[in-house]
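Raw input.cif, mmCIF, C-alpha atoms and all ligand atoms:
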```cif
data_model
loop_
_atom_site.label_atom_id
_atom_site.label_comp_id
_atom_site.auth_asym_id
_atom_site.auth_seq_id
_atom_site.Cartn_x
_atom_site.Cartn_y
_atom_site.Cartn_z
CA MET A 1 3.94 -10.36 -29.62
CA ALA A 2 3.42 -6.73 -30.76
CA ASN A 3 0.54 -4.43 -29.86
CA GLN A 4 -1.40 -2.28 -32.36
CA LYS A 5 1.35 0.33 -32.43
CA GLY A 6 3.96 -2.28 -33.22
CA GLU A 7 5.52 -2.04 -29.71
CA LYS A 8 6.53 -5.35 -28.15
CA GLU A 9 4.20 -6.30 -25.28
CA LYS A 10 5.73 -7.87 -22.17
CA PRO A 11 4.53 -11.39 -21.39
CA VAL A 12 2.30 -11.39 -18.28
CA SER A 13 4.86 -13.45 -16.32
CA THR A 14 7.53 -10.75 -16.85
CA LEU A 15 5.06 -7.97 -16.09
CA LEU A 16 4.15 -9.65 -12.81
CA SER A 17 7.68 -10.42 -11.65
CA LYS A 18 8.05 -9.22 -8.06
CA GLU A 19 11.82 -9.35 -7.87
CA PRO A 20 12.67 -6.60 -5.34
CA TRP A 21 15.11 -4.88 -7.73
CA ARG A 22 12.41 -4.74 -10.40
CA ILE A 23 9.65 -3.40 -8.12
CA ALA A 24 11.97 -0.86 -6.47
CA GLY A 25 13.27 0.20 -9.91
CA MET A 26 9.74 0.67 -11.22
CA PHE A 27 8.75 2.87 -8.27
CA ASN A 28 12.03 4.80 -8.46
CA ALA A 29 11.21 5.59 -12.08
CA ILE A 30 7.70 6.93 -11.42
CA ALA A 31 8.33 8.51 -8.00
CA HIS A 32 8.42 12.09 -9.36
CA ARG A 33 4.85 11.80 -10.70
CA TYR A 34 3.46 9.18 -8.29
CA ASP A 35 1.36 11.44 -6.04
CA GLN A 36 -0.09 13.51 -8.89
CA ILE A 37 -1.03 10.45 -10.94
CA ASN A 38 -2.53 8.79 -7.86
CA HIS A 39 -4.77 11.74 -7.05
CA LEU A 40 -5.79 12.12 -10.68
CA LEU A 41 -6.57 8.47 -11.41
CA SER A 42 -8.52 8.04 -8.17
CA MET A 43 -10.24 11.42 -8.61
CA GLY A 44 -8.91 12.43 -5.20
CA LEU A 45 -10.51 9.46 -3.44
CA ASP A 46 -7.13 8.04 -2.39
CA ARG A 47 -6.91 10.68 0.36
CA ARG A 48 -10.29 9.61 1.72
CA TRP A 49 -9.30 5.89 1.64
CA ARG A 50 -6.13 6.59 3.61
CA ARG A 51 -8.02 8.69 6.15
CA ARG A 52 -10.64 5.96 6.60
CA SER A 53 -7.96 3.36 7.26
CA ILE A 54 -6.39 5.44 10.03
CA GLN A 55 -9.75 6.35 11.56
CA ALA A 56 -10.72 2.65 11.66
CA LEU A 57 -7.82 2.03 14.06
CA GLU A 58 -9.14 4.53 16.65
CA LEU A 59 -5.64 5.13 17.97
CA SER A 60 -5.08 7.10 21.13
CA GLY A 61 -2.35 9.63 21.97
CA GLY A 62 1.30 8.59 21.96
CA ALA A 63 0.72 5.69 19.54
CA TYR A 64 3.61 4.18 17.58
CA VAL A 65 2.72 3.38 13.98
CA VAL A 66 4.68 1.53 11.29
CA ASP A 67 3.62 2.28 7.73
CA VAL A 68 4.93 -0.56 5.55
CA CYS A 69 5.54 0.13 1.82
CA THR A 70 5.18 3.80 2.70
CA GLY A 71 6.22 5.09 -0.73
CA THR A 72 6.02 8.89 -0.70
CA ALA A 73 4.67 8.71 2.87
CA ASP A 74 1.06 9.79 2.22
CA LEU A 75 -0.39 7.21 4.61
CA ALA A 76 2.31 7.95 7.21
CA VAL A 77 1.45 11.66 7.00
CA THR A 78 -2.27 10.87 7.30
CA ALA A 79 -1.52 8.80 10.41
CA SER A 80 0.48 11.62 11.96
CA ARG A 81 -2.42 14.02 11.40
CA HIS A 82 -5.27 11.81 12.57
CA VAL A 83 -3.73 10.22 15.63
CA PRO A 84 -3.85 12.65 18.56
CA SER A 85 -0.23 13.55 19.39
CA PRO A 86 1.35 10.41 17.87
CA GLY A 87 4.47 8.99 19.52
CA LEU A 88 6.17 8.21 16.21
CA VAL A 89 5.19 7.10 12.73
CA LEU A 90 7.88 5.03 11.00
CA GLY A 91 7.52 4.67 7.22
CA VAL A 92 9.44 1.78 5.61
CA ASP A 93 10.05 1.26 1.89
CA PHE A 94 12.80 -0.14 -0.33
CA SER A 95 12.50 2.46 -3.09
CA ASP A 96 14.98 5.30 -2.52
CA GLY A 97 13.18 7.40 -5.13
CA MET A 98 9.80 7.15 -3.36
CA LEU A 99 11.42 7.78 0.04
CA SER A 100 13.21 10.90 -1.12
CA PHE A 101 9.93 12.46 -2.33
CA GLY A 102 8.40 11.40 0.99
CA GLN A 103 11.26 13.03 2.88
CA GLU A 104 10.71 16.28 1.00
CA LYS A 105 7.00 16.13 1.85
CA LEU A 106 7.78 15.73 5.56
CA ARG A 107 10.25 18.59 5.46
CA SER A 108 7.82 21.03 3.87
CA ALA A 109 4.99 19.95 6.21
CA GLY A 110 7.24 20.29 9.27
CA LEU A 111 6.58 16.67 10.22
CA GLY A 112 10.19 15.49 10.37
CA SER A 113 10.14 14.88 14.12
CA VAL A 114 6.88 12.87 14.13
CA VAL A 115 7.32 10.83 10.95
CA ARG A 116 10.60 9.05 10.23
CA LEU A 117 11.36 7.19 7.02
CA ALA A 118 13.64 4.18 6.75
CA ARG A 119 14.85 2.11 3.84
CA GLY A 120 13.86 -1.48 4.43
CA ASP A 121 12.05 -4.54 3.18
CA ALA A 122 8.51 -5.43 4.21
CA CYS A 123 9.74 -8.99 4.80
CA SER A 124 12.35 -7.91 7.33
CA LEU A 125 11.16 -4.73 9.04
CA PRO A 126 13.78 -2.57 10.77
CA CYS A 127 11.81 -2.59 14.00
CA ARG A 128 11.93 -4.50 17.25
CA SER A 129 9.19 -6.97 18.14
CA ASP A 130 6.06 -5.85 20.03
CA TRP A 131 6.86 -2.16 19.35
CA ALA A 132 3.96 -0.71 17.36
CA ASN A 133 0.41 0.09 18.38
CA ALA A 134 -0.56 -0.07 14.71
CA VAL A 135 0.84 -1.22 11.39
CA THR A 136 -0.57 0.15 8.15
CA VAL A 137 0.06 -0.77 4.53
CA GLY A 138 -1.56 1.12 1.69
CA PHE A 139 -1.64 -0.46 -1.78
CA GLY A 140 1.68 -2.11 -1.02
CA LEU A 141 1.16 -5.70 0.11
CA ARG A 142 0.25 -6.86 -3.40
CA ASN A 143 3.72 -5.80 -4.57
CA VAL A 144 5.63 -7.86 -2.04
CA ALA A 145 6.94 -11.16 -3.38
CA GLU A 146 6.48 -13.04 -0.09
CA THR A 147 3.02 -12.00 1.11
CA GLU A 148 2.91 -14.39 4.05
CA GLN A 149 6.38 -13.40 5.26
CA ALA A 150 5.35 -9.72 5.17
CA VAL A 151 2.16 -10.44 7.14
CA ARG A 152 4.19 -12.37 9.73
CA GLU A 153 6.62 -9.43 10.02
CA MET A 154 3.76 -7.00 10.59
CA TYR A 155 2.44 -9.33 13.29
CA ARG A 156 5.88 -9.53 14.91
CA VAL A 157 6.36 -5.76 15.25
CA LEU A 158 2.86 -5.18 16.67
CA LYS A 159 2.29 -4.99 20.40
CA PRO A 160 -0.26 -7.46 21.78
CA ARG A 161 -3.70 -5.88 21.08
CA GLY A 162 -2.07 -3.77 18.33
CA GLN A 163 -3.95 -3.40 15.07
CA LEU A 164 -3.19 -3.83 11.41
CA ALA A 165 -4.87 -1.90 8.56
CA ILE A 166 -4.37 -2.95 4.95
CA LEU A 167 -5.72 -1.01 1.97
CA GLU A 168 -5.91 -2.89 -1.32
CA PHE A 169 -7.86 -2.58 -4.54
CA GLY A 170 -11.06 -4.57 -4.93
CA GLU A 171 -13.89 -4.62 -7.43
CA PRO A 172 -17.44 -3.26 -7.16
CA ARG A 173 -20.07 -5.99 -6.84
CA LEU A 174 -22.94 -4.18 -8.60
CA PRO A 175 -22.83 -5.66 -12.15
CA VAL A 176 -23.09 -2.45 -14.21
CA LEU A 177 -20.74 -0.51 -11.98
CA ARG A 178 -18.32 -3.43 -12.02
CA THR A 179 -18.24 -3.56 -15.83
CA MET A 180 -17.65 0.18 -16.08
CA TYR A 181 -15.02 0.14 -13.35
CA LEU A 182 -13.10 -2.78 -14.86
CA TRP A 183 -13.08 -1.05 -18.24
CA TYR A 184 -11.64 2.05 -16.58
CA PHE A 185 -9.16 0.14 -14.41
CA ARG A 186 -7.87 -2.24 -17.09
CA ARG A 187 -8.03 -0.02 -20.18
CA VAL A 188 -8.23 3.70 -19.40
CA LEU A 189 -6.04 3.85 -16.29
CA PRO A 190 -2.99 2.10 -17.85
CA TRP A 191 -3.28 4.35 -20.90
CA ILE A 192 -3.39 7.58 -18.86
CA GLY A 193 -0.73 6.28 -16.43
CA HIS A 194 1.61 5.41 -19.29
CA ARG A 195 1.29 8.85 -20.85
CA LEU A 196 1.75 10.78 -17.62
CA SER A 197 4.52 8.68 -16.09
CA LYS A 198 6.29 7.94 -19.40
CA HIS A 199 6.93 4.49 -17.90
CA SER A 200 5.97 1.63 -20.15
CA GLU A 201 5.08 -0.95 -17.49
CA ALA A 202 4.09 0.57 -14.16
CA TYR A 203 0.46 1.28 -14.97
CA ALA A 204 -0.02 -1.98 -16.88
CA TYR A 205 1.45 -3.76 -13.85
CA LEU A 206 -1.17 -2.16 -11.56
CA PRO A 207 -4.33 -3.92 -12.87
CA ALA A 208 -2.35 -7.09 -13.66
CA SER A 209 -1.01 -7.30 -10.10
CA VAL A 210 -4.46 -6.65 -8.61
CA SER A 211 -5.92 -9.52 -10.68
CA ALA A 212 -3.11 -11.85 -9.68
CA PHE A 213 -3.20 -11.00 -5.96
CA LEU A 214 -5.02 -12.97 -3.27
CA GLY A 215 -8.80 -12.65 -3.30
CA GLN A 216 -10.55 -11.04 -0.35
CA LYS A 217 -11.44 -14.34 1.33
CA ALA A 218 -7.91 -15.68 0.88
CA LEU A 219 -6.36 -12.56 2.39
CA VAL A 220 -8.69 -12.72 5.39
CA GLU A 221 -7.72 -16.40 5.82
CA LEU A 222 -4.02 -15.59 5.55
CA LEU A 223 -4.34 -12.95 8.29
CA GLU A 224 -6.02 -15.53 10.52
CA VAL A 225 -3.43 -18.21 9.72
CA CYS A 226 -0.71 -15.73 10.73
CA GLY A 227 -2.36 -15.27 14.12
CA PHE A 228 -4.53 -12.17 13.70
CA THR A 229 -8.00 -12.06 15.25
CA ASP A 230 -11.06 -9.81 14.84
CA VAL A 231 -10.37 -9.64 11.12
CA ARG A 232 -12.86 -7.42 9.34
CA LEU A 233 -13.20 -6.31 5.77
CA VAL A 234 -14.73 -2.92 4.95
CA ARG A 235 -15.55 -2.14 1.32
CA LEU A 236 -14.92 1.49 0.40
CA THR A 237 -16.40 3.35 -2.59
CA PHE A 238 -18.67 0.46 -3.70
CA GLY A 239 -15.83 -2.04 -3.22
CA VAL A 240 -13.25 -0.30 -5.44
CA VAL A 241 -10.97 -0.47 -2.40
CA CYS A 242 -11.00 -2.92 0.50
CA LEU A 243 -9.86 -2.07 3.99
CA TYR A 244 -8.80 -5.04 6.11
CA VAL A 245 -8.50 -4.41 9.84
CA ALA A 246 -7.13 -7.07 12.21
CA ARG A 247 -5.78 -7.34 15.72
CA LYS A 248 -2.84 -9.16 17.28
CA PRO A 249 -4.28 -10.99 20.28
CA SER A 250 -3.18 -10.21 23.81
CA LYS A 251 -0.55 -12.59 25.16
CA GLY A 252 -2.27 -15.75 26.31
C1 LIG A 301 1.73 1.46 -4.78
S1 LIG A 301 3.00 2.09 -3.75
C2 LIG A 301 2.10 2.54 -2.30
C3 LIG A 301 2.69 3.71 -1.58
C4 LIG A 301 1.88 4.26 -0.41
N1 LIG A 301 1.69 3.28 0.63
C5 LIG A 301 0.55 4.82 -0.84
O1 LIG A 301 -0.45 4.58 -0.15
O2 LIG A 301 0.50 5.54 -1.84
C6 LIG A 301 3.80 0.60 -3.25
C7 LIG A 301 5.11 0.84 -2.52
O3 LIG A 301 5.50 -0.41 -1.96
C8 LIG A 301 6.92 -0.47 -2.00
N2 LIG A 301 7.31 -1.87 -1.86
C9 LIG A 301 6.93 -2.91 -2.65
N3 LIG A 301 7.46 -4.06 -2.17
C10 LIG A 301 8.18 -3.74 -1.07
C11 LIG A 301 8.95 -4.50 -0.15
N4 LIG A 301 9.09 -5.83 -0.27
N5 LIG A 301 9.54 -3.85 0.88
C12 LIG A 301 9.42 -2.50 1.01
N6 LIG A 301 8.71 -1.73 0.16
C13 LIG A 301 8.09 -2.34 -0.88
C14 LIG A 301 7.29 0.17 -3.33
O4 LIG A 301 8.63 0.60 -3.36
C15 LIG A 301 6.26 1.32 -3.38
O5 LIG A 301 6.81 2.50 -2.85
#
```
I'd like the structure from this file rewritten - as structure tokens, please.
Ligand SMILES: C[S@@+](CC[C@H](N)C(=O)[O-])C[C@H]1O[C@@H](n2cnc3c(N)ncnc32)[C@H](O)[C@@H]1O
Amino acid sequence: MANQKGEKEKPVSTLLSKEPWRIAGMFNAIAHRYDQINHLLSMGLDRRWRRRSIQALELSGGAYVVDVCTGTADLAVTASRHVPSPGLVLGVDFSDGMLSFGQEKLRSAGLGSVVRLARGDACSLPCRSDWANAVTVGFGLRNVAETEQAVREMYRVLKPRGQLAILEFGEPRLPVLRTMYLWYFRRVLPWIGHRLSKHSEAYAYLPASVSAFLGQKALVELLEVCGFTDVRLVRLTFGVVCLYVARKPSKG
């Protein structure tokens, strides 16, 4: 099927394919503009969302943090700045392009000794069990093909009493705001993203993948099924983004 400009539109099933090579390839292709487009499309709110997720963990000095799907390391950097004298923040991602922009960011911020980046898959984290005081994942879980496997991995690497923070997109509940937001998110954002990134799919994939991902209740249930306790959901910016915080119980 062709769109109004005569370009062939991808069928939704192809657009939503989460084959690792496809997802990594897509992020490799937009890595050079990823941060700029993020800040622009969220009107700078993405920085506040990341900060809120780290603050919610109330980590103390010397904490070890794993940032899964770290991308260009924005959340890892936020963790290193808001945890008092962090032990180590390890950012993991399978996109070399995103990681190399993250590495450059760490170098220019002088954070290379506090934040380390590693190439790896969310479903098989390069980390020993019971190592981290906190695991974070910002706007990444929805991209992972095996959501449950990734949640179980995050549980595995956490110390008993360690905490998990997940940031994901949601939808405002106020009817008028919701209508306006969905128009922006599904129509305007992909249009702007396409023009700025010059990538035909990445910013059409974003709203499509949010719609196809687990609902809030289902994600809370999944966290509980995987063993997490004290699961709470905090809606940020009228529900545009949801922050899920959960704890790995102490060893019984
Ligand atoms: C939308 S970006 C989020 C980046 C960053 N966390 C942020 O807050 O901006 C999603 C990232 O998840 C990574 N990713 C997706 N699936 C992954 C997987 N299975 N294992 C590792 N990284 C993955 C992608 O390569 C991409 O860098």
If you count only C-alpha atoms and all ligand atoms, which residues end up within 7 Å of ligand LIG 301 (chain A), as a short mmCIF file (atom, residue, chain, number, x, y, z; two decimals) with C-alpha atoms, in the frame of the given file?
```cif
data_model
loop_
_atom_site.label_atom_id
_atom_site.label_comp_id
_atom_site.auth_asym_id
_atom_site.auth_seq_id
_atom_site.Cartn_x
_atom_site.Cartn_y
_atom_site.Cartn_z
CA PRO A 20 12.67 -6.60 -5.34
CA ILE A 23 9.65 -3.40 -8.12
CA ALA A 24 11.97 -0.86 -6.47
CA PHE A 27 8.75 2.87 -8.27
CA VAL A 68 4.93 -0.56 5.55
CA CYS A 69 5.54 0.13 1.82
CA THR A 70 5.18 3.80 2.70
CA GLY A 71 6.22 5.09 -0.73
CA THR A 72 6.02 8.89 -0.70
CA ALA A 73 4.67 8.71 2.87
CA ASP A 74 1.06 9.79 2.22
CA LEU A 75 -0.39 7.21 4.61
CA VAL A 92 9.44 1.78 5.61
CA ASP A 93 10.05 1.26 1.89
CA PHE A 94 12.80 -0.14 -0.33
CA SER A 95 12.50 2.46 -3.09
CA MET A 98 9.80 7.15 -3.36
CA GLY A 120 13.86 -1.48 4.43
CA ASP A 121 12.05 -4.54 3.18
CA ALA A 122 8.51 -5.43 4.21
CA CYS A 123 9.74 -8.99 4.80
CA VAL A 137 0.06 -0.77 4.53
CA GLY A 138 -1.56 1.12 1.69
CA PHE A 139 -1.64 -0.46 -1.78
CA GLY A 140 1.68 -2.11 -1.02
CA LEU A 141 1.16 -5.70 0.11
CA ASN A 143 3.72 -5.80 -4.57
CA VAL A 144 5.63 -7.86 -2.04
CA ALA A 145 6.94 -11.16 -3.38
#
```
Checklist entry - Could you name the residues that touch A:Arg178 at 12 Å or less, counting all atoms listed in the file, but leaving out those on the same chain fewer than 5 positions away, as a ChimeraX atom specification? => result /A:170-173,183-186,237-240
Next on the checklist: Residues proximal to (-7.1, -4.1, 6.1) were defined as those with any atom within 9 Å of that point in the file's coordinates, counting all atoms listed in the file. Which are they, as a list of chain:residue names?
Outcome noted: A:Ser53, A:Thr136, A:Val137, A:Gly138, A:Leu164, A:Ala165, A:Ile166, A:Leu167, A:Glu168, A:Val220, A:Val231, A:Arg232, A:Leu233, A:Val234, A:Cys242, A:Leu243, A:Tyr244, A:Val245, A:Ala246
As lines of an AutoDock Vina configuration file: centre and edge lengths in Å, one decimal, of the axis-aligned box holding stretch 94-101 of chain A with 5 Å per side:
```
center_x = 12.4
center_y = 6.2
center_z = -2.5
size_x = 15.2
size_y = 22.6
size_z = 15.2
```
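A straight line drawn from atom CA of A:Ala150 to atom CA of A:Asp130 is 15.4 Å long.
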Checklist entry - atom CA of A:Pro86 and atom CA of A:His39 are how many Å apart? => result 25.7 Å
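Straight-line separation from atom CA of A:Pro84 to atom CA of A:Ala63: 8.4 Å.
If you measure from each of A:Leu125, A:Trp131, A:Asn28, A:Leu196 to A:Leu99 using all atoms listed in the file, the closest one turns out to be A:Asn28.
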Item to check | Top pick for closest residue to A:Gly215, considering A:Arg51, A:Arg116, A:Arg142, A:Arg128 and counting only C-alpha atoms | outcome: A:Arg142
Item to check | A:Val66 environment, 7 Å, all atoms listed in the file, sequence neighbours closer than 2 positions dropped, as a PyMOL selection string | outcome: chain A and resi 64+68+89-91+132+134-136
Next on the checklist: For A:Ser42, find every residue with an atom within 10 Å (counting only C-alpha atoms), except residues of its own chain fewer than 4 positions away, and show them as a ChimeraX atom specification.
Outcome noted: /A:37-38,46-47,189,240
Find the spatial neighbours of A:Arg81, counting all atoms listed in the file, within a cut-off of 12 Å - ignore same-chain residues fewer than 2 positions away - and output them as a PDB file with C-alpha atoms, in the frame of the given file.
```
ATOM      1  CA  ARG A  50      -6.130   6.590   3.610  1.00  0.00           C
ATOM      2  CA  ARG A  51      -8.020   8.690   6.150  1.00  0.00           C
ATOM      3  CA  ILE A  54      -6.390   5.440  10.030  1.00  0.00           C
ATOM      4  CA  GLN A  55      -9.750   6.350  11.560  1.00  0.00           C
ATOM      5  CA  LEU A  59      -5.640   5.130  17.970  1.00  0.00           C
ATOM      6  CA  GLY A  61      -2.350   9.630  21.970  1.00  0.00           C
ATOM      7  CA  ASP A  74       1.060   9.790   2.220  1.00  0.00           C
ATOM      8  CA  LEU A  75      -0.390   7.210   4.610  1.00  0.00           C
ATOM      9  CA  ALA A  76       2.310   7.950   7.210  1.00  0.00           C
ATOM     10  CA  VAL A  77       1.450  11.660   7.000  1.00  0.00           C
ATOM     11  CA  THR A  78      -2.270  10.870   7.300  1.00  0.00           C
ATOM     12  CA  ALA A  79      -1.520   8.800  10.410  1.00  0.00           C
ATOM     13  CA  VAL A  83      -3.730  10.220  15.630  1.00  0.00           C
ATOM     14  CA  PRO A  84      -3.850  12.650  18.560  1.00  0.00           C
ATOM     15  CA  SER A  85      -0.230  13.550  19.390  1.00  0.00           C
ATOM     16  CA  PRO A  86       1.350  10.410  17.870  1.00  0.00           C
ATOM     17  CA  GLY A  87       4.470   8.990  19.520  1.00  0.00           C
ATOM     18  CA  LEU A  88       6.170   8.210  16.210  1.00  0.00           C
ATOM     19  CA  VAL A  89       5.190   7.100  12.730  1.00  0.00           C
ATOM     20  CA  LEU A 106       7.780  15.730   5.560  1.00  0.00           C
ATOM     21  CA  ALA A 109       4.990  19.950   6.210  1.00  0.00           C
ATOM     22  CA  GLY A 110       7.240  20.290   9.270  1.00  0.00           C
ATOM     23  CA  LEU A 111       6.580  16.670  10.220  1.00  0.00           C
ATOM     24  CA  VAL A 114       6.880  12.870  14.130  1.00  0.00           C
ATOM     25  CA  VAL A 115       7.320  10.830  10.950  1.00  0.00           C
TER      26      VAL A 115
END
```
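The shortest atom-to-atom distance to A:Val65, with all atoms listed in the file taken into account, belongs to A:His82 out of A:His82, A:Arg33, A:His199, A:Lys18.
Distance annotation: of A:Arg247, A:Ile30, A:Pro126, A:Arg48, the residue with the minimal separation from A:Ser200 is A:Ile30; atom set is only C-alpha atoms.
Distance annotation: of A:Gly62, A:Pro207, A:Gly193, A:Pro249, the residue with the minimal separation from A:Gln36 is A:Gly193; atom set is only C-alpha atoms.
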